[in-house]
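A.B. asks: Sharing a structure here in structure tokens format.
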Amino acid sequence: MIKAVRGTRDLLPPETALWNFVESTVRDVFRAYNFHEIRTPIFENTELFARGVGEETDVVSKEMYTWQDQGRAESDKGQSLTLRPENTAGVVRAYIEHNLQARGLNKLFYIGPQFRRERPQKGRYRQFYQIGAEVIGPQSSGSELPARDAEIIELLATLLDRLGITGWQLQLNSIGCANDRAKYNEALRQALEPVKDKMCVDCQRRAVTNPLRVFDCKVPEDQPIIEKLPRISQFLDEPCRRHFAQVQDILKSVGVEFQINDRLVRGLDYYTRTAFEFTHGALGAQNAILGGGRYDGLSEALGGPPAPGIGFAIGEDRLVMSLGKTADDVLRKPDVYIAPLGPGMNKEAARVARELRRHDIVVELGDETFRLKKSLETASKLGAKYALIAGENEISTGVFALKNLATGEQVPVPRPDLAARIRS
RNA sequence: GUGGGAGUAGCUCAACUGGCAGAGCACCGGACUGUGGCUCCGACGGUUGCGGGUUCGAUUCCCGUCUCCCACCCCA
């Protein structure tokens, strides 16, 4: 048997109803904040991710699905392509390519699959789905201002509330601008130098390659050392400090609760200043339901104009897992099951079904060869509100037997009144 | 990529020390010819993840492999 490949999966009904619920709610919320959808290709030139996400990140260095194009045209042949491991780089590429700076501030969202070759685990798949948004534009459009950061974070709080997700936590930090980071990185290296030999092997490696990541360490013995390390907050320059303070002010004003976590560092190189993460307890080790932050230098890193931006990505798979709803809660069941009864009744029942469906009634249709008992059984199994019996009597008199499957009550209803009766 | 656990019917799970592969639920049919939910009866359902080995005999023991789960790692 051919099976879905490792780390991929089929989403089947009724579970897909949950995904549709999430996506339609998300679209409603984005509309209220005046975001518009962007769809970028599912694969891009490998170089985009190498430059955009960062050559040294785990995502780029060991998790990408990359191949040499076999195209027949000379221009296609041999170019290195990659299934997108995230969507921000693609959005910024599109921003540059289509000169979207001419539109001022762009507020974009996307929903779609992403690909990373990691070892699968609960909440971690090789094809997974992200819902994300980016606010990006020239500095004159206000793209750099703290109000944008606050708005996007407040949007997320609203979104989670609308989805009925409770018990989330918002972790907030500022990781400064490029200058701050450089100074801080240097200070960290110096602070780690004398103590790193006492730390775990992972930290010894991190101390050299990417000192910021030392803060991800979960080894208990290392914690006292980590506690004493300098914090990014001490290295923020005055503009970054003020920016972060204003973000916090607005969040407090709108009543979004957060925790400052000065150990929150993010794994993608392009992040600057505001960084945040929403976590949820129902997810086990993969407890980050969404993450995001500011990336003021990304456009330039990709050869574009200065274009400060901030964005986030939600793991849709994890969002669905922490939903606390079942498919049953959001599924629309049939309003009526039509049971044609006896030879020749299929064609009559089909006409009735067509009439009712025009009135936005969800109709399931049986068959004239089914016994009534079977039809009623099927109808209640499907969760239909009503069963409509379409036998010879009903067709000839124009008055149908409409049975409420919850109460068992059955009433005769004239054909013209059926839709209104069923919808009520 | 590293370490550990688990794979038996559509689903949830049994099967003693290696001895005929089972139950509940679901599904299908009947009791019941135009009236469901309850009840009763019956039928269907399996390469025990896959491949090899040991054995008279393997779901059980051994090796390999695949997949899922947990932790690490990383991230959403």
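Residues are referred to by chain and number: the chain letter is A, B, ... according to the order shown in the structure tokens, the number counts from 1 in that chain, and ligands are numbered separately from 1 in the order shown.
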Which residues are close to A23 (chain B), i.e. within 12 Å by only C-alpha atoms (C1' of nucleotides), leaving aside same-chain residues fewer than 3 positions away? Reply as a PyMOL selection string.

C.D. replies: chain B and resi 9+12-15

A.B. asks: Take the residues from that selection and write them out as a short mmCIF file (atom, residue, chain, number, x, y, z; two decimals), in the first residue's frame, keeping all heavy atoms.

C.D. replies:
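Written file, selection-v5.cif:
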data_model
loop_
_atom_site.label_atom_id
_atom_site.label_comp_id
_atom_site.auth_asym_id
_atom_site.auth_seq_id
_atom_site.Cartn_x
_atom_site.Cartn_y
_atom_site.Cartn_z
P A B 9 -6.02 -4.06 13.37
OP1 A B 9 -5.69 -3.10 12.31
OP2 A B 9 -6.30 -3.60 14.73
"O5'" A B 9 -7.26 -4.94 12.88
"C5'" A B 9 -7.33 -5.35 11.52
"C4'" A B 9 -8.75 -5.33 11.04
"O4'" A B 9 -9.47 -6.38 11.75
"C3'" A B 9 -9.50 -4.03 11.31
"O3'" A B 9 -10.38 -3.76 10.23
"C2'" A B 9 -10.31 -4.34 12.55
"O2'" A B 9 -11.47 -3.58 12.66
"C1'" A B 9 -10.64 -5.82 12.33
N9 A B 9 -10.95 -6.55 13.55
C8 A B 9 -10.87 -6.13 14.85
N7 A B 9 -11.27 -7.01 15.73
C5 A B 9 -11.63 -8.09 14.97
C6 A B 9 -12.12 -9.36 15.31
N6 A B 9 -12.36 -9.76 16.55
N1 A B 9 -12.38 -10.22 14.30
C2 A B 9 -12.15 -9.83 13.05
N3 A B 9 -11.68 -8.65 12.61
C4 A B 9 -11.44 -7.83 13.63
P U B 12 -7.93 3.85 17.47
OP1 U B 12 -7.14 5.05 17.82
OP2 U B 12 -7.29 2.72 16.77
"O5'" U B 12 -8.62 3.30 18.79
"C5'" U B 12 -9.30 4.17 19.69
"C4'" U B 12 -9.80 3.39 20.88
"O4'" U B 12 -10.86 2.49 20.46
"C3'" U B 12 -8.77 2.47 21.51
"O3'" U B 12 -7.91 3.17 22.39
"C2'" U B 12 -9.64 1.43 22.21
"O2'" U B 12 -10.14 1.92 23.43
"C1'" U B 12 -10.81 1.30 21.22
N1 U B 12 -10.62 0.16 20.29
C2 U B 12 -11.07 -1.09 20.69
O2 U B 12 -11.59 -1.28 21.78
N3 U B 12 -10.88 -2.09 19.78
C4 U B 12 -10.30 -1.99 18.54
O4 U B 12 -10.20 -3.00 17.83
C5 U B 12 -9.85 -0.67 18.19
C6 U B 12 -10.03 0.33 19.06
P C B 13 -6.50 2.52 22.79
OP1 C B 13 -5.96 3.25 23.95
OP2 C B 13 -5.70 2.36 21.56
"O5'" C B 13 -7.01 1.09 23.29
"C5'" C B 13 -6.15 0.04 23.53
"C4'" C B 13 -6.99 -1.12 23.96
"O4'" C B 13 -7.99 -1.42 22.96
"C3'" C B 13 -6.24 -2.45 24.12
"O3'" C B 13 -5.57 -2.51 25.36
"C2'" C B 13 -7.38 -3.47 24.02
"O2'" C B 13 -8.09 -3.56 25.23
"C1'" C B 13 -8.28 -2.80 22.97
N1 C B 13 -8.05 -3.33 21.60
C2 C B 13 -8.58 -4.60 21.29
O2 C B 13 -9.22 -5.21 22.16
N3 C B 13 -8.38 -5.12 20.06
C4 C B 13 -7.69 -4.43 19.15
N4 C B 13 -7.53 -4.99 17.96
C5 C B 13 -7.13 -3.15 19.45
C6 C B 13 -7.33 -2.65 20.67
P A B 14 -4.46 -3.57 25.64
OP1 A B 14 -3.71 -3.20 26.84
OP2 A B 14 -3.75 -3.86 24.37
"O5'" A B 14 -5.37 -4.83 26.00
"C5'" A B 14 -5.08 -6.08 25.44
"C4'" A B 14 -6.10 -7.09 25.89
"O4'" A B 14 -7.20 -7.09 24.93
"C3'" A B 14 -5.57 -8.52 25.91
"O3'" A B 14 -4.96 -8.83 27.15
"C2'" A B 14 -6.82 -9.34 25.63
"O2'" A B 14 -7.62 -9.46 26.78
"C1'" A B 14 -7.54 -8.43 24.62
N9 A B 14 -7.12 -8.69 23.24
C8 A B 14 -6.48 -7.83 22.39
N7 A B 14 -6.22 -8.31 21.21
C5 A B 14 -6.72 -9.60 21.27
C6 A B 14 -6.76 -10.65 20.33
N6 A B 14 -6.29 -10.54 19.09
N1 A B 14 -7.34 -11.81 20.70
C2 A B 14 -7.84 -11.92 21.94
N3 A B 14 -7.86 -10.99 22.91
C4 A B 14 -7.27 -9.85 22.51
P A B 15 -3.52 -9.41 27.19
OP1 A B 15 -3.20 -9.73 28.60
OP2 A B 15 -2.62 -8.54 26.40
"O5'" A B 15 -3.70 -10.78 26.38
"C5'" A B 15 -4.50 -11.82 26.90
"C4'" A B 15 -4.61 -12.92 25.88
"O4'" A B 15 -5.34 -12.45 24.73
"C3'" A B 15 -3.27 -13.40 25.31
"O3'" A B 15 -2.60 -14.31 26.15
"C2'" A B 15 -3.71 -14.02 23.99
"O2'" A B 15 -4.31 -15.28 24.19
"C1'" A B 15 -4.79 -13.03 23.55
N9 A B 15 -4.21 -11.96 22.74
C8 A B 15 -3.85 -10.70 23.15
N7 A B 15 -3.33 -9.96 22.19
C5 A B 15 -3.34 -10.81 21.08
C6 A B 15 -2.91 -10.61 19.76
N6 A B 15 -2.38 -9.50 19.30
N1 A B 15 -3.06 -11.65 18.90
C2 A B 15 -3.59 -12.79 19.35
N3 A B 15 -4.02 -13.08 20.58
C4 A B 15 -3.87 -12.03 21.41
#

A.B. asks: Which polymer residues have any atom within 8 Å of an atom of Ala419 (chain A), counting only C-alpha atoms (C1' of nucleotides), with same-chain residues fewer than 5 positions away left out, as a PyMOL selection string?

C.D. replies: chain A and resi 356+359+361

A.B. asks: Once you have the residues from the selection above, write them out as a PDB file, in the first residue's frame, restricted to all heavy atoms.

C.D. replies:
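The resulting file, selection33.pdb, is reproduced below:
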ATOM      1  N   LEU A 356     -35.553  23.350  -2.292  1.00  0.00           N
ATOM      2  CA  LEU A 356     -35.135  23.680  -0.920  1.00  0.00           C
ATOM      3  C   LEU A 356     -33.709  24.206  -0.888  1.00  0.00           C
ATOM      4  O   LEU A 356     -33.395  25.136  -0.136  1.00  0.00           O
ATOM      5  CB  LEU A 356     -35.266  22.441  -0.027  1.00  0.00           C
ATOM      6  CG  LEU A 356     -36.696  21.940   0.176  1.00  0.00           C
ATOM      7  CD1 LEU A 356     -36.710  20.687   1.035  1.00  0.00           C
ATOM      8  CD2 LEU A 356     -37.570  23.026   0.807  1.00  0.00           C
ATOM      9  N   HIS A 359     -33.048  27.741  -1.219  1.00  0.00           N
ATOM     10  CA  HIS A 359     -33.301  28.557  -0.020  1.00  0.00           C
ATOM     11  C   HIS A 359     -32.217  28.373   1.027  1.00  0.00           C
ATOM     12  O   HIS A 359     -32.444  28.604   2.205  1.00  0.00           O
ATOM     13  CB  HIS A 359     -34.662  28.188   0.582  1.00  0.00           C
ATOM     14  CG  HIS A 359     -35.828  28.638  -0.228  1.00  0.00           C
ATOM     15  ND1 HIS A 359     -36.339  27.895  -1.278  1.00  0.00           N
ATOM     16  CD2 HIS A 359     -36.565  29.778  -0.174  1.00  0.00           C
ATOM     17  CE1 HIS A 359     -37.369  28.551  -1.820  1.00  0.00           C
ATOM     18  NE2 HIS A 359     -37.511  29.700  -1.159  1.00  0.00           N
ATOM     19  N   ILE A 361     -30.970  25.722   2.232  1.00  0.00           N
ATOM     20  CA  ILE A 361     -31.237  24.626   3.158  1.00  0.00           C
ATOM     21  C   ILE A 361     -30.307  23.470   2.787  1.00  0.00           C
ATOM     22  O   ILE A 361     -30.132  23.173   1.606  1.00  0.00           O
ATOM     23  CB  ILE A 361     -32.717  24.195   3.062  1.00  0.00           C
ATOM     24  CG1 ILE A 361     -33.586  25.308   3.690  1.00  0.00           C
ATOM     25  CG2 ILE A 361     -32.960  22.858   3.745  1.00  0.00           C
ATOM     26  CD1 ILE A 361     -35.057  25.133   3.427  1.00  0.00           C
TER      27      ILE A 361
END

A.B. asks: Could you state the separation of CA of Glu23 (chain A) and CA of Ala133 (chain A) in Å, given to one decimal place?

C.D. replies: 13.4 Å

A.B. asks: Distance limit 8 Å, atoms considered: only C-alpha atoms (C1' of nucleotides). Which chain B residues sit that close to chain A? Return them as a PyMOL selection string.

C.D. replies: chain B and resi 34-37+67+69+74-76

A.B. asks: If I take CA of Ile422 (chain A) and CA of Thr407 (chain A), how far is one from the other in Å, to one decimal?

C.D. replies: 14.2 Å

A.B. asks: Using only C-alpha atoms (C1' of nucleotides), which of B:C66, B:A71, B:C40, B:C27 sits nearest Met1 (chain A)?

C.D. replies: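 Of the candidates, the smallest distance to Met1 (chain A) is held by B:C66.
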